[in-house]
file data-v1.pdb (PDB, C-alpha atoms and all ligand atoms)
ATOM      1  CA  MET W  22     -15.247   2.220   1.367  1.00  0.00           C
ATOM      2  CA  ARG W  23     -15.214  -1.583   1.229  1.00  0.00           C
ATOM      3  CA  THR W  24     -11.783  -2.967   1.970  1.00  0.00           C
ATOM      4  CA  VAL W  25     -10.611  -6.561   1.798  1.00  0.00           C
ATOM      5  CA  VAL W  26      -7.330  -8.162   2.801  1.00  0.00           C
ATOM      6  CA  TYR W  27      -5.940 -11.022   0.731  1.00  0.00           C
ATOM      7  CA  PRO W  28      -3.254 -12.680   2.877  1.00  0.00           C
ATOM      8  CA  GLY W  29      -0.809 -15.390   1.895  1.00  0.00           C
ATOM      9  CA  SER W  30       2.780 -16.466   1.558  1.00  0.00           C
ATOM     10  CA  PHE W  31       2.854 -15.936  -2.207  1.00  0.00           C
ATOM     11  CA  ASP W  32       6.180 -17.804  -2.453  1.00  0.00           C
ATOM     12  CA  PRO W  33       5.978 -17.089  -5.325  1.00  0.00           C
ATOM     13  CA  LEU W  34       2.876 -15.346  -6.684  1.00  0.00           C
ATOM     14  CA  THR W  35       1.095 -17.501  -9.292  1.00  0.00           C
ATOM     15  CA  ASN W  36      -1.573 -16.808 -11.895  1.00  0.00           C
ATOM     16  CA  GLY W  37      -4.031 -18.488  -9.499  1.00  0.00           C
ATOM     17  CA  HIS W  38      -3.346 -15.796  -6.892  1.00  0.00           C
ATOM     18  CA  LEU W  39      -3.648 -13.121  -9.583  1.00  0.00           C
ATOM     19  CA  ASP W  40      -6.993 -14.540 -10.669  1.00  0.00           C
ATOM     20  CA  VAL W  41      -8.273 -14.144  -7.082  1.00  0.00           C
ATOM     21  CA  VAL W  42      -6.871 -10.593  -6.870  1.00  0.00           C
ATOM     22  CA  GLU W  43      -8.671  -9.650 -10.083  1.00  0.00           C
ATOM     23  CA  ARG W  44     -11.995 -11.058  -8.875  1.00  0.00           C
ATOM     24  CA  ALA W  45     -11.634  -9.304  -5.513  1.00  0.00           C
ATOM     25  CA  SER W  46     -10.758  -6.000  -7.170  1.00  0.00           C
ATOM     26  CA  LYS W  47     -14.120  -6.031  -8.945  1.00  0.00           C
ATOM     27  CA  LEU W  48     -16.051  -6.558  -5.714  1.00  0.00           C
ATOM     28  CA  PHE W  49     -14.215  -4.258  -3.319  1.00  0.00           C
ATOM     29  CA  ASP W  50     -13.123  -0.624  -3.419  1.00  0.00           C
ATOM     30  CA  ARG W  51      -9.735  -1.492  -2.023  1.00  0.00           C
ATOM     31  CA  VAL W  52      -7.815  -4.775  -2.030  1.00  0.00           C
ATOM     32  CA  ILE W  53      -4.770  -5.149   0.204  1.00  0.00           C
ATOM     33  CA  VAL W  54      -2.534  -8.073  -0.714  1.00  0.00           C
ATOM     34  CA  ALA W  55      -0.763  -8.903   2.556  1.00  0.00           C
ATOM     35  CA  VAL W  56       2.447 -10.879   2.280  1.00  0.00           C
ATOM     36  CA  ALA W  57       3.058 -13.042   5.320  1.00  0.00           C
ATOM     37  CA  GLN W  58       6.540 -13.513   6.685  1.00  0.00           C
ATOM     38  CA  ASN W  59       6.757 -17.281   6.117  1.00  0.00           C
ATOM     39  CA  ALA W  60       4.173 -19.914   6.762  1.00  0.00           C
ATOM     40  CA  ASP W  61       6.806 -22.222   5.381  1.00  0.00           C
ATOM     41  CA  LYS W  62      10.103 -22.179   7.345  1.00  0.00           C
ATOM     42  CA  SER W  63      12.385 -21.578   4.417  1.00  0.00           C
ATOM     43  CA  PRO W  64      10.698 -19.558   1.702  1.00  0.00           C
ATOM     44  CA  MET W  65      12.450 -19.308  -1.665  1.00  0.00           C
ATOM     45  CA  PHE W  66      11.959 -15.543  -1.810  1.00  0.00           C
ATOM     46  CA  THR W  67      12.309 -13.069   1.042  1.00  0.00           C
ATOM     47  CA  GLN W  68       9.214 -11.253   2.214  1.00  0.00           C
ATOM     48  CA  SER W  69      10.338  -8.055   0.509  1.00  0.00           C
ATOM     49  CA  GLU W  70      11.201  -9.849  -2.744  1.00  0.00           C
ATOM     50  CA  ARG W  71       7.664 -11.296  -2.744  1.00  0.00           C
ATOM     51  CA  GLU W  72       6.157  -7.893  -1.984  1.00  0.00           C
ATOM     52  CA  GLN W  73       8.131  -6.387  -4.872  1.00  0.00           C
ATOM     53  CA  GLN W  74       7.104  -9.137  -7.317  1.00  0.00           C
ATOM     54  CA  ILE W  75       3.418  -8.750  -6.477  1.00  0.00           C
ATOM     55  CA  THR W  76       3.602  -4.960  -6.664  1.00  0.00           C
ATOM     56  CA  GLU W  77       4.912  -5.242 -10.228  1.00  0.00           C
ATOM     57  CA  ALA W  78       2.350  -7.877 -11.210  1.00  0.00           C
ATOM     58  CA  VAL W  79      -0.703  -5.946  -9.945  1.00  0.00           C
ATOM     59  CA  ASN W  80       0.423  -2.667 -11.427  1.00  0.00           C
ATOM     60  CA  ASN W  81      -2.608  -2.513 -13.764  1.00  0.00           C
ATOM     61  CA  PHE W  82      -5.185  -2.741 -10.951  1.00  0.00           C
ATOM     62  CA  SER W  83      -5.724   0.736  -9.585  1.00  0.00           C
ATOM     63  CA  ASN W  84      -7.458  -0.364  -6.364  1.00  0.00           C
ATOM     64  CA  VAL W  85      -4.945  -3.024  -5.316  1.00  0.00           C
ATOM     65  CA  GLU W  86      -2.070  -2.355  -2.937  1.00  0.00           C
ATOM     66  CA  VAL W  87       0.597  -4.664  -1.600  1.00  0.00           C
ATOM     67  CA  THR W  88       2.184  -4.740   1.810  1.00  0.00           C
ATOM     68  CA  THR W  89       3.944  -7.124   4.183  1.00  0.00           C
ATOM     69  CA  PHE W  90       2.564  -8.087   7.565  1.00  0.00           C
ATOM     70  CA  ASP W  91       3.740  -9.999  10.615  1.00  0.00           C
ATOM     71  CA  GLY W  92       1.691 -11.155  13.538  1.00  0.00           C
ATOM     72  CA  LEU W  93      -1.986 -11.848  13.769  1.00  0.00           C
ATOM     73  CA  LEU W  94      -3.881 -11.481  10.486  1.00  0.00           C
ATOM     74  CA  ILE W  95      -7.114 -10.422  12.127  1.00  0.00           C
ATOM     75  CA  GLU W  96      -5.375  -7.535  13.920  1.00  0.00           C
ATOM     76  CA  PHE W  97      -3.783  -6.469  10.670  1.00  0.00           C
ATOM     77  CA  ALA W  98      -7.197  -6.543   8.946  1.00  0.00           C
ATOM     78  CA  GLU W  99      -8.725  -4.503  11.758  1.00  0.00           C
ATOM     79  CA  MET W 100      -5.941  -1.949  11.590  1.00  0.00           C
ATOM     80  CA  LYS W 101      -6.592  -1.569   7.860  1.00  0.00           C
ATOM     81  CA  LYS W 102     -10.348  -1.163   8.532  1.00  0.00           C
ATOM     82  CA  ALA W 103     -11.111  -4.161   6.316  1.00  0.00           C
ATOM     83  CA  GLN W 104     -14.608  -5.667   6.313  1.00  0.00           C
ATOM     84  CA  ALA W 105     -13.380  -9.003   5.028  1.00  0.00           C
ATOM     85  CA  ILE W 106     -10.536 -11.398   4.356  1.00  0.00           C
ATOM     86  CA  ILE W 107     -10.334 -13.208   1.016  1.00  0.00           C
ATOM     87  CA  ARG W 108      -8.912 -16.696   0.661  1.00  0.00           C
ATOM     88  CA  GLY W 109      -8.696 -18.769  -2.478  1.00  0.00           C
ATOM     89  CA  LEU W 110     -10.270 -22.204  -2.567  1.00  0.00           C
ATOM     90  CA  ARG W 111      -8.977 -24.800  -4.926  1.00  0.00           C
ATOM     91  CA  ALA W 112      -9.727 -28.499  -4.719  1.00  0.00           C
ATOM     92  CA  VAL W 113     -11.242 -30.149  -1.640  1.00  0.00           C
ATOM     93  CA  SER W 114      -7.788 -30.404  -0.086  1.00  0.00           C
ATOM     94  CA  ASP W 115      -7.861 -26.692   0.827  1.00  0.00           C
ATOM     95  CA  PHE W 116     -11.203 -26.920   2.507  1.00  0.00           C
ATOM     96  CA  GLU W 117     -10.470 -28.306   5.946  1.00  0.00           C
ATOM     97  CA  PHE W 118      -7.601 -25.988   6.762  1.00  0.00           C
ATOM     98  CA  GLU W 119      -9.321 -22.940   5.324  1.00  0.00           C
ATOM     99  CA  PHE W 120     -12.496 -23.743   7.229  1.00  0.00           C
ATOM    100  CA  GLN W 121     -10.587 -23.959  10.530  1.00  0.00           C
ATOM    101  CA  LEU W 122      -8.745 -20.748   9.820  1.00  0.00           C
ATOM    102  CA  ALA W 123     -11.938 -18.879   8.948  1.00  0.00           C
ATOM    103  CA  LEU W 124     -13.718 -20.068  12.078  1.00  0.00           C
ATOM    104  CA  MET W 125     -10.748 -19.191  14.266  1.00  0.00           C
ATOM    105  CA  ASN W 126     -10.620 -15.708  12.757  1.00  0.00           C
ATOM    106  CA  ARG W 127     -14.348 -15.345  13.358  1.00  0.00           C
ATOM    107  CA  LYS W 128     -13.815 -16.282  17.013  1.00  0.00           C
ATOM    108  CA  LEU W 129     -11.099 -13.673  17.300  1.00  0.00           C
ATOM    109  CA  LYS W 130     -13.162 -10.965  15.627  1.00  0.00           C
ATOM    110  CA  LYS W 131     -16.690 -11.685  14.551  1.00  0.00           C
ATOM    111  CA  GLU W 132     -17.166  -8.498  12.492  1.00  0.00           C
ATOM    112  CA  ILE W 133     -14.613  -9.522   9.879  1.00  0.00           C
ATOM    113  CA  GLU W 134     -15.963 -12.057   7.377  1.00  0.00           C
ATOM    114  CA  THR W 135     -13.901 -14.557   5.446  1.00  0.00           C
ATOM    115  CA  ILE W 136     -14.856 -14.841   1.786  1.00  0.00           C
ATOM    116  CA  PHE W 137     -13.708 -17.693  -0.434  1.00  0.00           C
ATOM    117  CA  MET W 138     -13.126 -17.322  -4.134  1.00  0.00           C
ATOM    118  CA  MET W 139     -12.535 -19.993  -6.736  1.00  0.00           C
ATOM    119  CA  PRO W 140     -10.043 -19.335  -9.497  1.00  0.00           C
ATOM    120  CA  ARG W 141     -10.827 -20.296 -13.058  1.00  0.00           C
ATOM    121  CA  GLU W 142     -10.653 -24.040 -13.677  1.00  0.00           C
ATOM    122  CA  SER W 143      -7.252 -24.018 -15.306  1.00  0.00           C
ATOM    123  CA  TYR W 144      -5.721 -22.693 -12.064  1.00  0.00           C
ATOM    124  CA  ILE W 145      -7.444 -25.113  -9.710  1.00  0.00           C
ATOM    125  CA  PHE W 146      -4.377 -27.323  -9.444  1.00  0.00           C
ATOM    126  CA  LEU W 147      -1.832 -24.542  -9.394  1.00  0.00           C
ATOM    127  CA  SER W 148       0.212 -23.988  -6.254  1.00  0.00           C
ATOM    128  CA  SER W 149       3.386 -22.091  -5.357  1.00  0.00           C
ATOM    129  CA  ARG W 150       4.917 -25.354  -4.190  1.00  0.00           C
ATOM    130  CA  LEU W 151       4.369 -27.048  -7.571  1.00  0.00           C
ATOM    131  CA  VAL W 152       5.650 -24.026  -9.454  1.00  0.00           C
ATOM    132  CA  LYS W 153       8.885 -24.156  -7.435  1.00  0.00           C
ATOM    133  CA  GLU W 154       9.200 -27.861  -8.057  1.00  0.00           C
ATOM    134  CA  VAL W 155       8.637 -27.590 -11.810  1.00  0.00           C
ATOM    135  CA  ALA W 156      10.967 -24.587 -12.140  1.00  0.00           C
ATOM    136  CA  GLY W 157      13.607 -26.344 -10.024  1.00  0.00           C
ATOM    137  CA  LEU W 158      13.539 -29.303 -12.389  1.00  0.00           C
ATOM    138  CA  GLY W 159      13.927 -27.071 -15.419  1.00  0.00           C
ATOM    139  CA  GLY W 160      10.273 -27.137 -16.537  1.00  0.00           C
ATOM    140  CA  ASP W 161       8.529 -24.269 -18.282  1.00  0.00           C
ATOM    141  CA  VAL W 162       6.361 -22.204 -15.913  1.00  0.00           C
ATOM    142  CA  THR W 163       5.238 -19.596 -18.471  1.00  0.00           C
ATOM    143  CA  THR W 164       1.550 -20.396 -18.134  1.00  0.00           C
ATOM    144  CA  PHE W 165       1.640 -20.588 -14.320  1.00  0.00           C
ATOM    145  CA  VAL W 166       3.216 -17.322 -13.214  1.00  0.00           C
ATOM    146  CA  PRO W 167       3.449 -13.718 -14.438  1.00  0.00           C
ATOM    147  CA  PRO W 168       6.570 -12.883 -16.530  1.00  0.00           C
ATOM    148  CA  ASN W 169       8.403 -11.047 -13.731  1.00  0.00           C
ATOM    149  CA  VAL W 170       8.015 -14.053 -11.403  1.00  0.00           C
ATOM    150  CA  LYS W 171       9.281 -16.349 -14.151  1.00  0.00           C
ATOM    151  CA  ARG W 172      12.410 -14.176 -14.431  1.00  0.00           C
ATOM    152  CA  ALA W 173      12.850 -14.118 -10.649  1.00  0.00           C
ATOM    153  CA  LEU W 174      12.606 -17.915 -10.493  1.00  0.00           C
ATOM    154  CA  LYS W 175      15.164 -18.232 -13.248  1.00  0.00           C
ATOM    155  CA  SER W 176      17.667 -15.938 -11.583  1.00  0.00           C
ATOM    156  CA  LYS W 177      17.158 -17.588  -8.191  1.00  0.00           C
ATOM    157  CA  LEU W 178      17.753 -21.033  -9.693  1.00  0.00           C
ATOM    158  CA  ASP W 179      20.673 -20.173 -12.028  1.00  0.00           C
TER
HETATM  159  P1  LIG Z   1      -0.774 -19.595   2.500  1.00  0.00           P
HETATM  160  O1  LIG Z   1       0.591 -19.946   2.969  1.00  0.00           O
HETATM  161  O2  LIG Z   1      -1.452 -18.538   3.292  1.00  0.00           O
HETATM  162  O3  LIG Z   1      -1.668 -20.754   2.174  1.00  0.00           O
HETATM  163  P2  LIG Z   1      -0.474 -19.173  -0.342  1.00  0.00           P
HETATM  164  O4  LIG Z   1       0.416 -18.164  -0.948  1.00  0.00           O
HETATM  165  O5  LIG Z   1      -0.162 -20.592  -0.620  1.00  0.00           O
HETATM  166  O6  LIG Z   1      -0.450 -18.820   1.163  1.00  0.00           O
HETATM  167  O7  LIG Z   1      -1.973 -18.904  -0.748  1.00  0.00           O
HETATM  168  C1  LIG Z   1      -2.644 -17.728  -0.382  1.00  0.00           C
HETATM  169  C2  LIG Z   1      -4.118 -17.923  -0.644  1.00  0.00           C
HETATM  170  O8  LIG Z   1      -4.328 -18.082  -2.031  1.00  0.00           O
HETATM  171  C3  LIG Z   1      -4.716 -19.157   0.016  1.00  0.00           C
HETATM  172  O9  LIG Z   1      -6.039 -18.855   0.382  1.00  0.00           O
HETATM  173  C4  LIG Z   1      -4.699 -20.182  -1.074  1.00  0.00           C
HETATM  174  O10 LIG Z   1      -5.732 -21.150  -0.900  1.00  0.00           O
HETATM  175  C5  LIG Z   1      -4.973 -19.307  -2.279  1.00  0.00           C
HETATM  176  N1  LIG Z   1      -4.450 -19.898  -3.500  1.00  0.00           N
HETATM  177  C6  LIG Z   1      -3.239 -20.430  -3.726  1.00  0.00           C
HETATM  178  N2  LIG Z   1      -3.122 -20.886  -4.989  1.00  0.00           N
HETATM  179  C7  LIG Z   1      -4.323 -20.642  -5.579  1.00  0.00           C
HETATM  180  C8  LIG Z   1      -4.871 -20.912  -6.865  1.00  0.00           C
HETATM  181  N3  LIG Z   1      -4.203 -21.565  -7.813  1.00  0.00           N
HETATM  182  N4  LIG Z   1      -6.130 -20.511  -7.089  1.00  0.00           N
HETATM  183  C9  LIG Z   1      -6.850 -19.894  -6.134  1.00  0.00           C
HETATM  184  N5  LIG Z   1      -6.410 -19.638  -4.911  1.00  0.00           N
HETATM  185  C10 LIG Z   1      -5.161 -20.001  -4.624  1.00  0.00           C
END

call {"tool": "encode", "arguments": {"input": "data-v1.pdb", "output": "structure tokens", "more": "lines below"}}
Ligand code: ADP
result
Amino acid sequence: MRTVVYPGSFDPLTNGHLDVVERASKLFDRVIVAVAQNADKSPMFTQSEREQQITEAVNNFSNVEVTTFDGLLIEFAEMKKAQAIIRGLRAVSDFEFEFQLALMNRKLKKEIETIFMMPRESYIFLSSRLVKEVAGLGGDVTTFVPPNVKRALKSKLD
């Protein structure tokens, strides 16, 4: 059983995240999307709202589950018996931070590999932060997020 953890804030989930989930679900037997408390101090959605949104959006993938986690990622991954952690890589700007994080996690537990996945080109510039900004200014986010997230953004902003 090959298990991978895909951690993140997902505030909110975007089609870029979903693209990574789909790719991971083809490579691993089990994908655990792990929703972090808040990397950012004031997330727009609570951890359980984010968990709920992702659960709905990944409904059609039979080997993907969603859960929240607090504390050290590497311990969470170990507890779940995961062989690897997946992170998404977009433009060069992600690289330095992701590289540091991966090497730190390797120091903490060398058996768990970090794997990077690139989304399809149209999602390379997509981020949760931009989605919130566009939605906040009344822009259309239909092509950036799944329909349930679009509705959640609308009701949060109304
Ligand atoms: P974090 O706060 O952990 O960076 P995010 O929710 O912003 O959480 O992102 C989770 C992971 O998904 C990160 O590895 C990030 O690089 C990746 N990611 C975010 N947006 C995209 C995207 N458009 N395409 C591919 N990967 C992405």

call {"tool": "residues_near_ligand", "arguments": {"input": "data-v1.pdb", "ligand": "ligand LIG 1 (chain Z)", "cutoff": "8 Å", "atoms": "all atoms listed in the file", "output": "mmCIF file with C-alpha atoms, in the coordinates of the input"}}
result
data_model
loop_
_atom_site.group_PDB
_atom_site.id
_atom_site.type_symbol
_atom_site.label_atom_id
_atom_site.label_comp_id
_atom_site.auth_asym_id
_atom_site.auth_seq_id
_atom_site.Cartn_x
_atom_site.Cartn_y
_atom_site.Cartn_z
ATOM 1 C CA TYR W 27 -5.940 -11.022 0.731
ATOM 2 C CA PRO W 28 -3.254 -12.680 2.877
ATOM 3 C CA GLY W 29 -0.809 -15.390 1.895
ATOM 4 C CA SER W 30 2.780 -16.466 1.558
ATOM 5 C CA PHE W 31 2.854 -15.936 -2.207
ATOM 6 C CA ASP W 32 6.180 -17.804 -2.453
ATOM 7 C CA PRO W 33 5.978 -17.089 -5.325
ATOM 8 C CA LEU W 34 2.876 -15.346 -6.684
ATOM 9 C CA THR W 35 1.095 -17.501 -9.292
ATOM 10 C CA ASN W 36 -1.573 -16.808 -11.895
ATOM 11 C CA GLY W 37 -4.031 -18.488 -9.499
ATOM 12 C CA HIS W 38 -3.346 -15.796 -6.892
ATOM 13 C CA ASP W 40 -6.993 -14.540 -10.669
ATOM 14 C CA VAL W 41 -8.273 -14.144 -7.082
ATOM 15 C CA ALA W 57 3.058 -13.042 5.320
ATOM 16 C CA ASN W 59 6.757 -17.281 6.117
ATOM 17 C CA ALA W 60 4.173 -19.914 6.762
ATOM 18 C CA ASP W 61 6.806 -22.222 5.381
ATOM 19 C CA ILE W 107 -10.334 -13.208 1.016
ATOM 20 C CA ARG W 108 -8.912 -16.696 0.661
ATOM 21 C CA GLY W 109 -8.696 -18.769 -2.478
ATOM 22 C CA LEU W 110 -10.270 -22.204 -2.567
ATOM 23 C CA ARG W 111 -8.977 -24.800 -4.926
ATOM 24 C CA ASP W 115 -7.861 -26.692 0.827
ATOM 25 C CA GLU W 119 -9.321 -22.940 5.324
ATOM 26 C CA PHE W 137 -13.708 -17.693 -0.434
ATOM 27 C CA MET W 138 -13.126 -17.322 -4.134
ATOM 28 C CA MET W 139 -12.535 -19.993 -6.736
ATOM 29 C CA PRO W 140 -10.043 -19.335 -9.497
ATOM 30 C CA ARG W 141 -10.827 -20.296 -13.058
ATOM 31 C CA TYR W 144 -5.721 -22.693 -12.064
ATOM 32 C CA ILE W 145 -7.444 -25.113 -9.710
ATOM 33 C CA PHE W 146 -4.377 -27.323 -9.444
ATOM 34 C CA LEU W 147 -1.832 -24.542 -9.394
ATOM 35 C CA SER W 148 0.212 -23.988 -6.254
ATOM 36 C CA SER W 149 3.386 -22.091 -5.357
ATOM 37 C CA ARG W 150 4.917 -25.354 -4.190
#

call {"tool": "closest_atom_pairs", "arguments": {"input": "data-v1.pdb", "of": "region 34-71 of chain W", "to": "region 91-95 of chain W", "cutoff": "9 Å", "atoms": "all atoms listed in the file", "output": "Markdown table"}}
result
| residue | atom | partner | partner_atom | distance |
| --- | --- | --- | --- | --- |
| W:Ala55 | CA | W:Leu94 | CA | 8.9 |
| W:Val56 | CA | W:Asp91 | CA | 8.5 |
| W:Ala57 | CA | W:Asp91 | CA | 6.1 |
| W:Gln58 | CA | W:Asp91 | CA | 6.0 |

call {"tool": "closest_residue", "arguments": {"input": "data-v1.pdb", "among": "W:Arg71, W:Lys101, W:Lys130, W:Lys47", "to": "Thr24 (chain W)", "atoms": "all atoms listed in the file"}}
result
W:Lys101

call {"tool": "residues_near_point", "arguments": {"input": "data-v1.pdb", "point": "(-7.2, -1.1, 9.2)", "cutoff": "12 Å", "atoms": "only C-alpha atoms", "output": "PyMOL selection string"}}
result
chain W and resi 22-26+51-53+94-106+133

call {"tool": "atom_distance", "arguments": {"input": "data-v1.pdb", "atom1": "CA of Ser83 (chain W)", "atom2": "CA of Glu43 (chain W)"}}
result
10.8 Å

call {"tool": "atom_distance", "arguments": {"input": "data-v1.pdb", "atom1": "CA of Leu151 (chain W)", "atom2": "CA of Asn126 (chain W)"}}
result
27.7 Å

call {"tool": "atom_distance", "arguments": {"input": "data-v1.pdb", "atom1": "CA of Val152 (chain W)", "atom2": "CA of Thr88 (chain W)"}}
result
22.6 Å

call {"tool": "build_atoms", "arguments": {"input": "data-v1.pdb", "residues": "region 47-74 of chain W", "atoms": "N, CA and C atoms", "output": "CSV table (one decimal), in the frame of the given file"}}
result
chain,number,residue,atom,x,y,z
W,47,LYS,N,-12.8,-6.4,-8.4
W,47,LYS,CA,-14.1,-6.0,-8.9
W,47,LYS,C,-15.2,-5.9,-7.9
W,48,LEU,N,-15.0,-6.6,-6.8
W,48,LEU,CA,-16.1,-6.6,-5.7
W,48,LEU,C,-15.8,-5.5,-4.6
W,49,PHE,N,-14.5,-5.2,-4.4
W,49,PHE,CA,-14.2,-4.3,-3.3
W,49,PHE,C,-13.6,-3.0,-3.9
W,50,ASP,N,-13.7,-1.9,-3.0
W,50,ASP,CA,-13.1,-0.6,-3.4
W,50,ASP,C,-11.6,-0.7,-3.3
W,51,ARG,N,-11.2,-1.5,-2.3
W,51,ARG,CA,-9.7,-1.5,-2.0
W,51,ARG,C,-9.3,-2.9,-1.7
W,52,VAL,N,-8.3,-3.4,-2.3
W,52,VAL,CA,-7.8,-4.8,-2.0
W,52,VAL,C,-6.4,-4.6,-1.5
W,53,ILE,N,-6.1,-5.2,-0.3
W,53,ILE,CA,-4.8,-5.1,0.2
W,53,ILE,C,-4.2,-6.6,0.2
W,54,VAL,N,-3.2,-6.8,-0.7
W,54,VAL,CA,-2.5,-8.1,-0.7
W,54,VAL,C,-1.5,-8.0,0.4
W,55,ALA,N,-1.6,-8.9,1.4
W,55,ALA,CA,-0.8,-8.9,2.6
W,55,ALA,C,0.2,-10.1,2.6
W,56,VAL,N,1.4,-9.8,2.4
W,56,VAL,CA,2.4,-10.9,2.3
W,56,VAL,C,2.9,-11.3,3.6
W,57,ALA,N,2.7,-12.5,4.0
W,57,ALA,CA,3.1,-13.0,5.3
W,57,ALA,C,4.5,-13.4,5.3
W,58,GLN,N,5.1,-13.2,6.5
W,58,GLN,CA,6.5,-13.5,6.7
W,58,GLN,C,6.9,-14.9,6.1
W,59,ASN,N,6.6,-15.9,6.7
W,59,ASN,CA,6.8,-17.3,6.1
W,59,ASN,C,6.0,-18.3,6.9
W,60,ALA,N,4.9,-18.8,6.2
W,60,ALA,CA,4.2,-19.9,6.8
W,60,ALA,C,5.1,-21.1,6.7
W,61,ASP,N,5.8,-21.2,5.6
W,61,ASP,CA,6.8,-22.2,5.4
W,61,ASP,C,8.1,-21.7,6.0
W,62,LYS,N,8.9,-22.6,6.6
W,62,LYS,CA,10.1,-22.2,7.3
W,62,LYS,C,11.2,-21.6,6.5
W,63,SER,N,11.3,-22.1,5.3
W,63,SER,CA,12.4,-21.6,4.4
W,63,SER,C,11.8,-21.2,3.1
W,64,PRO,N,11.3,-20.0,3.0
W,64,PRO,CA,10.7,-19.6,1.7
W,64,PRO,C,11.8,-19.4,0.7
W,65,MET,N,11.5,-19.5,-0.6
W,65,MET,CA,12.4,-19.3,-1.7
W,65,MET,C,12.8,-17.8,-1.8
W,66,PHE,N,11.8,-17.0,-1.7
W,66,PHE,CA,12.0,-15.5,-1.8
W,66,PHE,C,11.7,-14.9,-0.5
W,67,THR,N,12.5,-13.8,-0.2
W,67,THR,CA,12.3,-13.1,1.0
W,67,THR,C,11.0,-12.4,1.0
W,68,GLN,N,10.5,-11.9,2.1
W,68,GLN,CA,9.2,-11.3,2.2
W,68,GLN,C,9.2,-10.0,1.3
W,69,SER,N,10.3,-9.3,1.3
W,69,SER,CA,10.3,-8.1,0.5
W,69,SER,C,10.5,-8.4,-1.0
W,70,GLU,N,11.2,-9.5,-1.3
W,70,GLU,CA,11.2,-9.8,-2.7
W,70,GLU,C,9.8,-10.2,-3.2
W,71,ARG,N,9.0,-10.9,-2.4
W,71,ARG,CA,7.7,-11.3,-2.7
W,71,ARG,C,6.8,-10.1,-2.9
W,72,GLU,N,6.9,-9.1,-1.9
W,72,GLU,CA,6.2,-7.9,-2.0
W,72,GLU,C,6.4,-7.1,-3.3
W,73,GLN,N,7.7,-7.1,-3.7
W,73,GLN,CA,8.1,-6.4,-4.9
W,73,GLN,C,7.6,-7.1,-6.1
W,74,GLN,N,7.6,-8.4,-6.2
W,74,GLN,CA,7.1,-9.1,-7.3
W,74,GLN,C,5.6,-8.9,-7.5
